$ cat final20.pdb   # PDB, C-alpha atoms
MODEL        1
ATOM      1  CA  MET A   1     -78.298   2.000  26.397  1.00  0.00           C
ATOM      2  CA  ASP A   2     -75.212   0.056  27.549  1.00  0.00           C
ATOM      3  CA  THR A   3     -71.693   1.490  27.589  1.00  0.00           C
ATOM      4  CA  ALA A   4     -70.500  -0.391  24.497  1.00  0.00           C
ATOM      5  CA  THR A   5     -73.455   0.915  22.470  1.00  0.00           C
ATOM      6  CA  GLU A   6     -72.823   4.455  23.750  1.00  0.00           C
ATOM      7  CA  ILE A   7     -69.155   4.279  22.719  1.00  0.00           C
ATOM      8  CA  GLY A   8     -70.144   2.884  19.332  1.00  0.00           C
ATOM      9  CA  ASP A   9     -72.658   5.724  18.844  1.00  0.00           C
ATOM     10  CA  SER A  10     -70.097   8.351  19.894  1.00  0.00           C
ATOM     11  CA  LEU A  11     -67.519   6.969  17.468  1.00  0.00           C
ATOM     12  CA  GLU A  12     -70.078   6.904  14.668  1.00  0.00           C
ATOM     13  CA  LEU A  13     -71.107  10.480  15.503  1.00  0.00           C
ATOM     14  CA  ALA A  14     -67.449  11.559  15.544  1.00  0.00           C
ATOM     15  CA  ARG A  15     -66.851   9.880  12.184  1.00  0.00           C
ATOM     16  CA  LYS A  16     -69.859  11.629  10.633  1.00  0.00           C
ATOM     17  CA  PHE A  17     -68.837  14.968  12.168  1.00  0.00           C
ATOM     18  CA  ALA A  18     -65.277  14.642  10.870  1.00  0.00           C
ATOM     19  CA  ALA A  19     -66.733  13.942   7.417  1.00  0.00           C
ATOM     20  CA  GLY A  20     -68.628  17.260   7.588  1.00  0.00           C
ATOM     21  CA  ASP A  21     -72.126  15.963   8.402  1.00  0.00           C
ATOM     22  CA  LEU A  22     -74.076  19.001   9.652  1.00  0.00           C
ATOM     23  CA  ASP A  23     -76.611  16.886  11.569  1.00  0.00           C
ATOM     24  CA  ALA A  24     -73.803  15.223  13.499  1.00  0.00           C
ATOM     25  CA  PHE A  25     -72.340  18.650  14.252  1.00  0.00           C
ATOM     26  CA  GLU A  26     -75.737  19.864  15.486  1.00  0.00           C
ATOM     27  CA  THR A  27     -76.010  16.838  17.776  1.00  0.00           C
ATOM     28  CA  LEU A  28     -72.561  17.530  19.230  1.00  0.00           C
ATOM     29  CA  PHE A  29     -73.352  21.249  19.523  1.00  0.00           C
ATOM     30  CA  ARG A  30     -76.573  20.604  21.428  1.00  0.00           C
ATOM     31  CA  ARG A  31     -74.861  18.063  23.690  1.00  0.00           C
ATOM     32  CA  HIS A  32     -71.968  20.330  24.607  1.00  0.00           C
ATOM     33  CA  GLN A  33     -73.073  23.975  24.212  1.00  0.00           C
ATOM     34  CA  ALA A  34     -74.169  24.370  27.851  1.00  0.00           C
ATOM     35  CA  GLU A  35     -70.877  22.913  29.083  1.00  0.00           C
ATOM     36  CA  VAL A  36     -68.804  25.194  26.827  1.00  0.00           C
ATOM     37  CA  PHE A  37     -70.885  28.223  27.830  1.00  0.00           C
ATOM     38  CA  ALA A  38     -70.540  27.406  31.551  1.00  0.00           C
ATOM     39  CA  TRP A  39     -66.760  27.069  31.189  1.00  0.00           C
ATOM     40  CA  THR A  40     -66.268  30.311  29.254  1.00  0.00           C
ATOM     41  CA  VAL A  41     -68.531  32.300  31.568  1.00  0.00           C
ATOM     42  CA  ARG A  42     -66.296  31.205  34.447  1.00  0.00           C
ATOM     43  CA  ILE A  43     -63.300  32.707  32.664  1.00  0.00           C
ATOM     44  CA  LEU A  44     -64.955  35.779  31.139  1.00  0.00           C
ATOM     45  CA  ARG A  45     -67.432  36.552  33.961  1.00  0.00           C
ATOM     46  CA  ASP A  46     -69.771  38.028  31.353  1.00  0.00           C
ATOM     47  CA  ALA A  47     -72.741  36.021  30.015  1.00  0.00           C
ATOM     48  CA  PRO A  48     -73.216  37.784  26.621  1.00  0.00           C
ATOM     49  CA  LEU A  49     -69.481  37.505  25.936  1.00  0.00           C
ATOM     50  CA  ALA A  50     -69.603  33.826  26.916  1.00  0.00           C
ATOM     51  CA  GLU A  51     -72.330  33.304  24.285  1.00  0.00           C
ATOM     52  CA  ASP A  52     -69.986  34.829  21.685  1.00  0.00           C
ATOM     53  CA  ALA A  53     -67.206  32.595  22.981  1.00  0.00           C
ATOM     54  CA  THR A  54     -69.424  29.521  22.647  1.00  0.00           C
ATOM     55  CA  ILE A  55     -70.217  30.323  19.013  1.00  0.00           C
ATOM     56  CA  GLU A  56     -66.564  31.043  18.221  1.00  0.00           C
ATOM     57  CA  THR A  57     -65.503  27.815  19.960  1.00  0.00           C
ATOM     58  CA  PHE A  58     -67.846  25.674  17.887  1.00  0.00           C
ATOM     59  CA  TRP A  59     -66.861  27.580  14.740  1.00  0.00           C
ATOM     60  CA  ARG A  60     -63.215  26.670  15.387  1.00  0.00           C
ATOM     61  CA  ILE A  61     -64.272  23.084  16.182  1.00  0.00           C
ATOM     62  CA  TYR A  62     -66.181  22.884  12.904  1.00  0.00           C
ATOM     63  CA  ARG A  63     -63.224  24.201  10.933  1.00  0.00           C
ATOM     64  CA  ALA A  64     -60.898  21.700  12.645  1.00  0.00           C
ATOM     65  CA  ARG A  65     -63.319  18.760  12.283  1.00  0.00           C
ATOM     66  CA  ALA A  66     -60.987  16.796  10.015  1.00  0.00           C
ATOM     67  CA  ARG A  67     -58.463  16.616  12.879  1.00  0.00           C
ATOM     68  CA  PHE A  68     -60.994  15.073  15.295  1.00  0.00           C
ATOM     69  CA  ASP A  69     -60.596  11.311  15.205  1.00  0.00           C
ATOM     70  CA  GLY A  70     -63.050  10.356  17.954  1.00  0.00           C
ATOM     71  CA  ARG A  71     -60.412   8.595  20.037  1.00  0.00           C
ATOM     72  CA  HIS A  72     -60.265  11.548  22.416  1.00  0.00           C
ATOM     73  CA  GLU A  73     -63.193  12.893  24.371  1.00  0.00           C
ATOM     74  CA  PHE A  74     -65.051  15.626  22.464  1.00  0.00           C
ATOM     75  CA  GLY A  75     -65.861  17.565  25.660  1.00  0.00           C
ATOM     76  CA  ALA A  76     -62.213  17.858  26.692  1.00  0.00           C
ATOM     77  CA  TRP A  77     -61.230  18.959  23.176  1.00  0.00           C
ATOM     78  CA  ALA A  78     -64.025  21.549  23.148  1.00  0.00           C
ATOM     79  CA  ARG A  79     -62.997  22.851  26.570  1.00  0.00           C
ATOM     80  CA  ARG A  80     -59.406  23.337  25.444  1.00  0.00           C
ATOM     81  CA  ILE A  81     -60.525  25.309  22.391  1.00  0.00           C
ATOM     82  CA  ALA A  82     -63.044  27.271  24.492  1.00  0.00           C
ATOM     83  CA  THR A  83     -60.271  28.283  26.897  1.00  0.00           C
ATOM     84  CA  ASN A  84     -58.172  29.645  24.030  1.00  0.00           C
ATOM     85  CA  VAL A  85     -61.184  31.518  22.647  1.00  0.00           C
ATOM     86  CA  ALA A  86     -61.943  32.999  26.079  1.00  0.00           C
ATOM     87  CA  ILE A  87     -58.335  34.146  26.490  1.00  0.00           C
ATOM     88  CA  ASP A  88     -58.464  35.778  23.041  1.00  0.00           C
ATOM     89  CA  LEU A  89     -61.645  37.595  24.080  1.00  0.00           C
ATOM     90  CA  LEU A  90     -60.063  38.689  27.376  1.00  0.00           C
ATOM     91  CA  LYS A  91     -57.165  40.152  25.396  1.00  0.00           C
ATOM     92  CA  ALA A  92     -59.579  41.961  23.080  1.00  0.00           C
ATOM     93  CA  ARG A  93     -61.611  43.248  26.032  1.00  0.00           C
ATOM     94  CA  GLY A  94     -58.429  44.435  27.731  1.00  0.00           C
ATOM     95  CA  ARG A  95     -57.646  46.511  24.652  1.00  0.00           C
ATOM     96  CA  GLU A  96     -61.164  47.936  24.389  1.00  0.00           C
ATOM     97  CA  VAL A  97     -61.963  48.801  27.990  1.00  0.00           C
ATOM     98  CA  SER A  98     -60.057  49.026  31.192  1.00  0.00           C
ATOM     99  CA  GLY A  99     -60.690  49.351  34.861  1.00  0.00           C
ATOM    100  CA  LEU A 100     -64.177  49.497  36.249  1.00  0.00           C
ATOM    101  CA  GLU A 101     -65.888  48.897  32.927  1.00  0.00           C
ATOM    102  CA  ALA A 102     -64.173  45.554  32.479  1.00  0.00           C
ATOM    103  CA  PHE A 103     -66.919  43.587  34.229  1.00  0.00           C
ATOM    104  CA  ASP A 104     -70.628  43.999  33.814  1.00  0.00           C
ATOM    105  CA  VAL A 105     -71.544  42.011  36.919  1.00  0.00           C
ATOM    106  CA  PRO A 106     -73.948  44.206  38.916  1.00  0.00           C
ATOM    107  CA  VAL A 107     -72.615  45.516  42.202  1.00  0.00           C
ATOM    108  CA  ALA A 108     -74.664  44.355  45.163  1.00  0.00           C
ATOM    109  CA  PRO A 109     -76.285  47.147  47.169  1.00  0.00           C
ATOM    110  CA  GLY A 110     -74.250  48.278  50.165  1.00  0.00           C
ATOM    111  CA  PRO A 111     -72.259  51.143  51.636  1.00  0.00           C
ATOM    112  CA  VAL A 112     -70.339  53.432  49.251  1.00  0.00           C
ATOM    113  CA  ARG A 113     -67.017  52.154  50.606  1.00  0.00           C
ATOM    114  CA  ASP A 114     -67.974  48.621  49.560  1.00  0.00           C
ATOM    115  CA  HIS A 115     -68.785  49.854  46.057  1.00  0.00           C
ATOM    116  CA  VAL A 116     -65.411  51.565  45.818  1.00  0.00           C
ATOM    117  CA  LEU A 117     -63.642  48.478  47.128  1.00  0.00           C
ATOM    118  CA  THR A 118     -65.509  46.181  44.729  1.00  0.00           C
ATOM    119  CA  GLY A 119     -64.680  48.518  41.853  1.00  0.00           C
ATOM    120  CA  ALA A 120     -61.004  48.624  42.826  1.00  0.00           C
ATOM    121  CA  ILE A 121     -60.777  44.839  43.011  1.00  0.00           C
ATOM    122  CA  ARG A 122     -62.507  44.377  39.652  1.00  0.00           C
ATOM    123  CA  ALA A 123     -60.277  47.014  38.105  1.00  0.00           C
ATOM    124  CA  ALA A 124     -57.138  45.330  39.440  1.00  0.00           C
ATOM    125  CA  PHE A 125     -58.378  41.955  38.198  1.00  0.00           C
ATOM    126  CA  GLY A 126     -59.292  43.384  34.789  1.00  0.00           C
ATOM    127  CA  ARG A 127     -55.753  44.716  34.385  1.00  0.00           C
ATOM    128  CA  LEU A 128     -54.152  41.285  34.771  1.00  0.00           C
ATOM    129  CA  PRO A 129     -52.744  39.803  31.544  1.00  0.00           C
ATOM    130  CA  ALA A 130     -55.362  37.571  29.907  1.00  0.00           C
ATOM    131  CA  LYS A 131     -53.596  34.270  30.616  1.00  0.00           C
ATOM    132  CA  LEU A 132     -53.150  35.130  34.298  1.00  0.00           C
ATOM    133  CA  GLN A 133     -56.732  36.382  34.508  1.00  0.00           C
ATOM    134  CA  ALA A 134     -58.052  33.089  33.119  1.00  0.00           C
ATOM    135  CA  ALA A 135     -56.001  30.990  35.538  1.00  0.00           C
ATOM    136  CA  ALA A 136     -56.869  33.231  38.502  1.00  0.00           C
ATOM    137  CA  SER A 137     -60.574  33.259  37.692  1.00  0.00           C
ATOM    138  CA  LEU A 138     -60.740  29.476  37.437  1.00  0.00           C
ATOM    139  CA  ALA A 139     -58.549  28.781  40.466  1.00  0.00           C
ATOM    140  CA  LEU A 140     -59.309  31.565  42.916  1.00  0.00           C
ATOM    141  CA  ILE A 141     -62.956  32.350  42.197  1.00  0.00           C
ATOM    142  CA  GLU A 142     -64.337  29.139  40.707  1.00  0.00           C
ATOM    143  CA  GLU A 143     -62.087  26.792  42.716  1.00  0.00           C
ATOM    144  CA  GLU A 144     -61.373  24.489  39.781  1.00  0.00           C
ATOM    145  CA  SER A 145     -58.543  22.040  40.442  1.00  0.00           C
ATOM    146  CA  ASN A 146     -55.082  22.861  39.123  1.00  0.00           C
ATOM    147  CA  ALA A 147     -55.124  19.639  37.077  1.00  0.00           C
ATOM    148  CA  GLU A 148     -58.371  20.617  35.357  1.00  0.00           C
ATOM    149  CA  ILE A 149     -57.067  24.129  34.629  1.00  0.00           C
ATOM    150  CA  ALA A 150     -53.809  22.678  33.306  1.00  0.00           C
ATOM    151  CA  ALA A 151     -55.702  20.372  30.932  1.00  0.00           C
ATOM    152  CA  ALA A 152     -57.872  23.228  29.659  1.00  0.00           C
ATOM    153  CA  LEU A 153     -54.919  25.565  29.169  1.00  0.00           C
ATOM    154  CA  GLY A 154     -52.688  22.874  27.700  1.00  0.00           C
ATOM    155  CA  ILE A 155     -49.908  23.549  30.220  1.00  0.00           C
ATOM    156  CA  SER A 156     -48.424  21.724  33.212  1.00  0.00           C
ATOM    157  CA  VAL A 157     -49.799  21.912  36.747  1.00  0.00           C
ATOM    158  CA  ALA A 158     -46.568  23.658  37.788  1.00  0.00           C
ATOM    159  CA  ALA A 159     -47.173  26.314  35.116  1.00  0.00           C
ATOM    160  CA  VAL A 160     -50.733  26.804  36.396  1.00  0.00           C
ATOM    161  CA  LYS A 161     -49.421  27.302  39.941  1.00  0.00           C
ATOM    162  CA  SER A 162     -46.885  29.790  38.618  1.00  0.00           C
ATOM    163  CA  ARG A 163     -49.598  31.773  36.804  1.00  0.00           C
ATOM    164  CA  ILE A 164     -51.789  31.851  39.911  1.00  0.00           C
ATOM    165  CA  HIS A 165     -48.837  32.953  42.019  1.00  0.00           C
ATOM    166  CA  ARG A 166     -48.000  35.743  39.565  1.00  0.00           C
ATOM    167  CA  ALA A 167     -51.648  36.812  39.387  1.00  0.00           C
ATOM    168  CA  ILE A 168     -51.867  37.038  43.184  1.00  0.00           C
ATOM    169  CA  GLY A 169     -48.624  39.033  43.284  1.00  0.00           C
ATOM    170  CA  MET A 170     -49.864  41.490  40.668  1.00  0.00           C
ATOM    171  CA  LEU A 171     -53.256  41.815  42.366  1.00  0.00           C
ATOM    172  CA  ARG A 172     -51.601  42.457  45.707  1.00  0.00           C
ATOM    173  CA  SER A 173     -49.380  45.179  44.202  1.00  0.00           C
ATOM    174  CA  SER A 174     -52.337  46.837  42.441  1.00  0.00           C
ATOM    175  CA  LEU A 175     -54.466  46.786  45.572  1.00  0.00           C
ATOM    176  CA  ARG A 176     -51.633  48.195  47.686  1.00  0.00           C
ATOM    177  CA  ARG A 177     -51.185  51.025  45.191  1.00  0.00           C
ATOM    178  CA  LEU A 178     -54.898  51.727  45.592  1.00  0.00           C
ATOM    179  CA  GLN A 179     -54.411  51.511  49.368  1.00  0.00           C
ATOM    180  CA  VAL A 180     -56.729  48.532  49.620  1.00  0.00           C
ATOM    181  CA  ALA A 181     -55.673  45.713  51.970  1.00  0.00           C
ATOM    182  CA  PRO A 182     -54.045  43.207  51.974  1.00  0.00           C
TER     183      PRO A 182
ATOM    184  CA  MET B   1     -51.906  28.945  50.202  1.00  0.00           C
ATOM    185  CA  LYS B   2     -50.694  31.798  52.439  1.00  0.00           C
ATOM    186  CA  PRO B   3     -53.176  33.668  54.700  1.00  0.00           C
ATOM    187  CA  ASP B   4     -52.710  36.799  52.522  1.00  0.00           C
ATOM    188  CA  ASP B   5     -53.547  34.730  49.434  1.00  0.00           C
ATOM    189  CA  LYS B   6     -56.700  33.446  51.089  1.00  0.00           C
ATOM    190  CA  GLU B   7     -57.671  37.032  51.831  1.00  0.00           C
ATOM    191  CA  ILE B   8     -57.216  37.972  48.177  1.00  0.00           C
ATOM    192  CA  ARG B   9     -59.311  34.969  47.155  1.00  0.00           C
ATOM    193  CA  GLU B  10     -62.088  36.065  49.507  1.00  0.00           C
ATOM    194  CA  MET B  11     -61.940  39.636  48.203  1.00  0.00           C
ATOM    195  CA  LEU B  12     -62.178  38.402  44.616  1.00  0.00           C
ATOM    196  CA  ARG B  13     -65.096  36.107  45.358  1.00  0.00           C
ATOM    197  CA  ASN B  14     -66.967  38.922  47.123  1.00  0.00           C
ATOM    198  CA  ALA B  15     -66.293  41.398  44.314  1.00  0.00           C
ATOM    199  CA  MET B  16     -67.011  38.958  41.480  1.00  0.00           C
ATOM    200  CA  PRO B  17     -69.574  36.387  42.554  1.00  0.00           C
ATOM    201  CA  PRO B  18     -70.166  33.354  40.317  1.00  0.00           C
ATOM    202  CA  ILE B  19     -72.480  34.042  37.373  1.00  0.00           C
ATOM    203  CA  ASP B  20     -75.400  31.677  37.344  1.00  0.00           C
ATOM    204  CA  ALA B  21     -76.644  31.968  33.763  1.00  0.00           C
ATOM    205  CA  GLU B  22     -78.106  29.408  31.381  1.00  0.00           C
ATOM    206  CA  PRO B  23     -77.309  29.872  27.697  1.00  0.00           C
ATOM    207  CA  PRO B  24     -80.204  30.341  25.291  1.00  0.00           C
ATOM    208  CA  ASP B  25     -80.480  27.990  22.311  1.00  0.00           C
ATOM    209  CA  LEU B  26     -77.440  29.125  20.341  1.00  0.00           C
ATOM    210  CA  TRP B  27     -77.900  26.763  17.376  1.00  0.00           C
ATOM    211  CA  PRO B  28     -79.663  29.381  15.153  1.00  0.00           C
ATOM    212  CA  ARG B  29     -76.720  31.773  15.741  1.00  0.00           C
ATOM    213  CA  MET B  30     -74.318  28.929  15.052  1.00  0.00           C
ATOM    214  CA  LEU B  31     -76.008  28.200  11.737  1.00  0.00           C
ATOM    215  CA  ARG B  32     -75.737  31.873  10.726  1.00  0.00           C
ATOM    216  CA  ARG B  33     -72.049  31.818  11.677  1.00  0.00           C
ATOM    217  CA  LEU B  34     -71.492  28.707   9.560  1.00  0.00           C
ATOM    218  CA  HIS B  35     -73.135  30.349   6.550  1.00  0.00           C
ATOM    219  CA  GLU B  36     -71.132  33.562   6.990  1.00  0.00           C
ATOM    220  CA  GLY B  37     -67.859  31.658   6.654  1.00  0.00           C
ATOM    221  CA  PRO B  38     -64.495  32.902   7.896  1.00  0.00           C
ATOM    222  CA  ALA B  39     -64.308  36.531   9.028  1.00  0.00           C
ATOM    223  CA  ARG B  40     -62.786  38.756   6.375  1.00  0.00           C
ATOM    224  CA  MET B  41     -59.810  40.902   7.265  1.00  0.00           C
ATOM    225  CA  SER B  42     -60.471  44.634   6.930  1.00  0.00           C
ATOM    226  CA  LEU B  43     -58.131  46.924   4.982  1.00  0.00           C
ATOM    227  CA  PHE B  44     -56.995  48.517   8.236  1.00  0.00           C
ATOM    228  CA  ASP B  45     -56.112  45.083   9.676  1.00  0.00           C
ATOM    229  CA  ARG B  46     -54.156  44.198   6.546  1.00  0.00           C
ATOM    230  CA  ILE B  47     -52.185  47.470   6.732  1.00  0.00           C
ATOM    231  CA  LEU B  48     -51.555  46.863  10.435  1.00  0.00           C
ATOM    232  CA  LEU B  49     -50.380  43.307   9.763  1.00  0.00           C
ATOM    233  CA  PHE B  50     -48.048  44.555   7.043  1.00  0.00           C
ATOM    234  CA  ALA B  51     -46.634  47.266   9.342  1.00  0.00           C
ATOM    235  CA  VAL B  52     -46.105  44.792  12.204  1.00  0.00           C
ATOM    236  CA  SER B  53     -44.422  42.274   9.865  1.00  0.00           C
ATOM    237  CA  LEU B  54     -42.160  45.022   8.569  1.00  0.00           C
ATOM    238  CA  GLY B  55     -41.329  46.039  12.142  1.00  0.00           C
ATOM    239  CA  LEU B  56     -40.458  42.453  13.098  1.00  0.00           C
ATOM    240  CA  VAL B  57     -38.155  42.097  10.101  1.00  0.00           C
ATOM    241  CA  ALA B  58     -36.480  45.424  10.886  1.00  0.00           C
ATOM    242  CA  PHE B  59     -36.192  44.820  14.658  1.00  0.00           C
ATOM    243  CA  PRO B  60     -36.086  41.040  15.290  1.00  0.00           C
ATOM    244  CA  ALA B  61     -34.857  41.608  18.863  1.00  0.00           C
ATOM    245  CA  ILE B  62     -38.399  42.534  19.952  1.00  0.00           C
ATOM    246  CA  ILE B  63     -39.808  39.101  18.952  1.00  0.00           C
ATOM    247  CA  PRO B  64     -39.035  37.396  22.322  1.00  0.00           C
ATOM    248  CA  GLN B  65     -40.654  40.308  24.186  1.00  0.00           C
ATOM    249  CA  LEU B  66     -43.762  40.082  22.017  1.00  0.00           C
ATOM    250  CA  LEU B  67     -43.959  36.310  22.515  1.00  0.00           C
ATOM    251  CA  TYR B  68     -43.776  36.813  26.275  1.00  0.00           C
ATOM    252  CA  GLN B  69     -46.738  39.216  26.133  1.00  0.00           C
ATOM    253  CA  LEU B  70     -48.905  36.826  24.073  1.00  0.00           C
TER     254      LEU B  70
ENDMDL
END

$ encode --input "final20.pdb" --output "structure tokens"
Amino acid sequence: MDTATEIGDSLELARKFAAGDLDAFETLFRRHQAEVFAWTVRILRDAPLAEDATIETFWRIYRARARFDGRHEFGAWARRIATNVAIDLLKARGREVSGLEAFDVPVAPGPVRDHVLTGAIRAAFGRLPAKLQAAASLALIEEESNAEIAAALGISVAAVKSRIHRAIGMLRSSLRRLQVAP
Amino acid sequence: MKPDDKEIREMLRNAMPPIDAEPPDLWPRMLRRLHEGPARMSLFDRILLFAVSLGLVAFPAIIPQLLYQL
């Protein structure tokens, strides 16, 4: 299929989706669900929660379908909504659990000190405000570019840098309080 | 990035390695979600919303602080 045909198909799909065609929505869902899941799992660091985030993202997309005109890329739009959903879930998780329970990633086997250190780092990370946690997870752990994070969060690159800087500062303070270097 | 910042990055990456998970087919769940419609607000949530609204009207000075936390 050549590029012009692909663009024509995408526009037609977008038009049908905006009109409420469920088959068009299913096509878009199947095309983009893995991408949305992969993005939210990078922020949430929890696969089951990322599945919930994926469903909630597409639910919000479906409700907002009338606003999608097809001129913008669907994937970028979905990623922006997915980021907001993930931040909402981080806020909810922060209210429900704190500290060591915040992440269900299994701890690799190793000396007890390593377990304690890993737990302390996860706890400190889990206590960051949701917006800082999202930016820090994407930038520091996943090594996404600041421009990509800015686009997903709907803020400027300077604001992303500021959030990362604040997150590092808060992490450093928490880890010092727990007498963990640096 | 400062050397200390790089150390924090390394600590984070060691403590929270990337999750390599593939999503299952979520379309059946999506269909159920579409048929359920919008989530309904519980009575407790409505009371809470009313109390918060009342608080904001009574003490508007806390609005900027709340916005900062959001």

$ atom_distance --input "final20.pdb" --atom1 "atom CA of Met170 of chain A" --atom2 "atom CA of Val41 of chain A"
22.7 Å

$ atom_distance --input "final20.pdb" --atom1 "atom CA of Ala120 of chain A" --atom2 "atom CA of Ala50 of chain A"
23.4 Å

$ interface_residues --input "final20.pdb" --of "chain A" --to "chain B" --cutoff "7 Å" --atoms "all atoms listed in the file" --output "list of chain:residue names"
A:Ala34, A:Phe37, A:Arg45, A:Ala47, A:Glu51, A:Ile55, A:Thr118, A:Ile121, A:Arg122, A:Leu140, A:Ile141, A:Ile168, A:Pro182

$ atom_distance --input "final20.pdb" --atom1 "atom CA of Leu22 of chain A" --atom2 "atom CA of Arg32 of chain B"
13.0 Å

$ resolve_selection --input "final20.pdb" --expression "the PyMOL selection byres ((chain A and resi 85-89) around 10)" --output "compact mmCIF listing (two decimals) with C-alpha atoms, in the frame of the given file"
# COMPACT_ATOMS: atom_id res chain seq x y z
CA TRP A 39 -66.76 27.07 31.19
CA THR A 40 -66.27 30.31 29.25
CA VAL A 41 -68.53 32.30 31.57
CA ARG A 42 -66.30 31.20 34.45
CA ILE A 43 -63.30 32.71 32.66
CA LEU A 44 -64.96 35.78 31.14
CA LEU A 49 -69.48 37.51 25.94
CA ALA A 50 -69.60 33.83 26.92
CA ASP A 52 -69.99 34.83 21.68
CA ALA A 53 -67.21 32.60 22.98
CA THR A 54 -69.42 29.52 22.65
CA ILE A 55 -70.22 30.32 19.01
CA GLU A 56 -66.56 31.04 18.22
CA THR A 57 -65.50 27.82 19.96
CA ARG A 60 -63.22 26.67 15.39
CA ARG A 79 -63.00 22.85 26.57
CA ARG A 80 -59.41 23.34 25.44
CA ILE A 81 -60.52 25.31 22.39
CA ALA A 82 -63.04 27.27 24.49
CA THR A 83 -60.27 28.28 26.90
CA ASN A 84 -58.17 29.64 24.03
CA LEU A 90 -60.06 38.69 27.38
CA LYS A 91 -57.16 40.15 25.40
CA ALA A 92 -59.58 41.96 23.08
CA ARG A 93 -61.61 43.25 26.03
CA GLY A 94 -58.43 44.44 27.73
CA ARG A 95 -57.65 46.51 24.65
CA PRO A 129 -52.74 39.80 31.54
CA ALA A 130 -55.36 37.57 29.91
CA LYS A 131 -53.60 34.27 30.62
CA LEU A 132 -53.15 35.13 34.30
CA GLN A 133 -56.73 36.38 34.51
CA ALA A 134 -58.05 33.09 33.12
CA ALA A 135 -56.00 30.99 35.54
CA LEU A 153 -54.92 25.56 29.17
CA LEU B 70 -48.90 36.83 24.07

$ decode --input "final20.pdb" --residues "segment 144-163 of chain A" --atoms "C-alpha atoms" --output "PDB file, in the first residue's frame"
ATOM      1  CA  GLU A 144      12.842   8.793  27.001  1.00  0.00           C
ATOM      2  CA  SER A 145      13.860  12.129  25.494  1.00  0.00           C
ATOM      3  CA  ASN A 146      12.717  15.320  27.197  1.00  0.00           C
ATOM      4  CA  ALA A 147      10.906  16.350  23.999  1.00  0.00           C
ATOM      5  CA  GLU A 148       8.911  13.114  23.928  1.00  0.00           C
ATOM      6  CA  ILE A 149       8.024  13.440  27.626  1.00  0.00           C
ATOM      7  CA  ALA A 150       7.024  17.072  27.097  1.00  0.00           C
ATOM      8  CA  ALA A 151       4.700  16.103  24.234  1.00  0.00           C
ATOM      9  CA  ALA A 152       3.088  13.335  26.289  1.00  0.00           C
ATOM     10  CA  LEU A 153       2.628  15.547  29.342  1.00  0.00           C
ATOM     11  CA  GLY A 154       1.504  18.555  27.326  1.00  0.00           C
ATOM     12  CA  ILE A 155       4.147  20.816  28.886  1.00  0.00           C
ATOM     13  CA  SER A 156       7.351  22.497  27.708  1.00  0.00           C
ATOM     14  CA  VAL A 157      10.766  20.836  27.672  1.00  0.00           C
ATOM     15  CA  ALA A 158      11.891  23.352  30.313  1.00  0.00           C
ATOM     16  CA  ALA A 159       9.004  22.253  32.553  1.00  0.00           C
ATOM     17  CA  VAL A 160      10.010  18.604  32.074  1.00  0.00           C
ATOM     18  CA  LYS A 161      13.589  19.425  33.098  1.00  0.00           C
ATOM     19  CA  SER A 162      12.263  21.266  36.135  1.00  0.00           C
ATOM     20  CA  ARG A 163      10.138  18.267  37.174  1.00  0.00           C
TER      21      ARG A 163
END
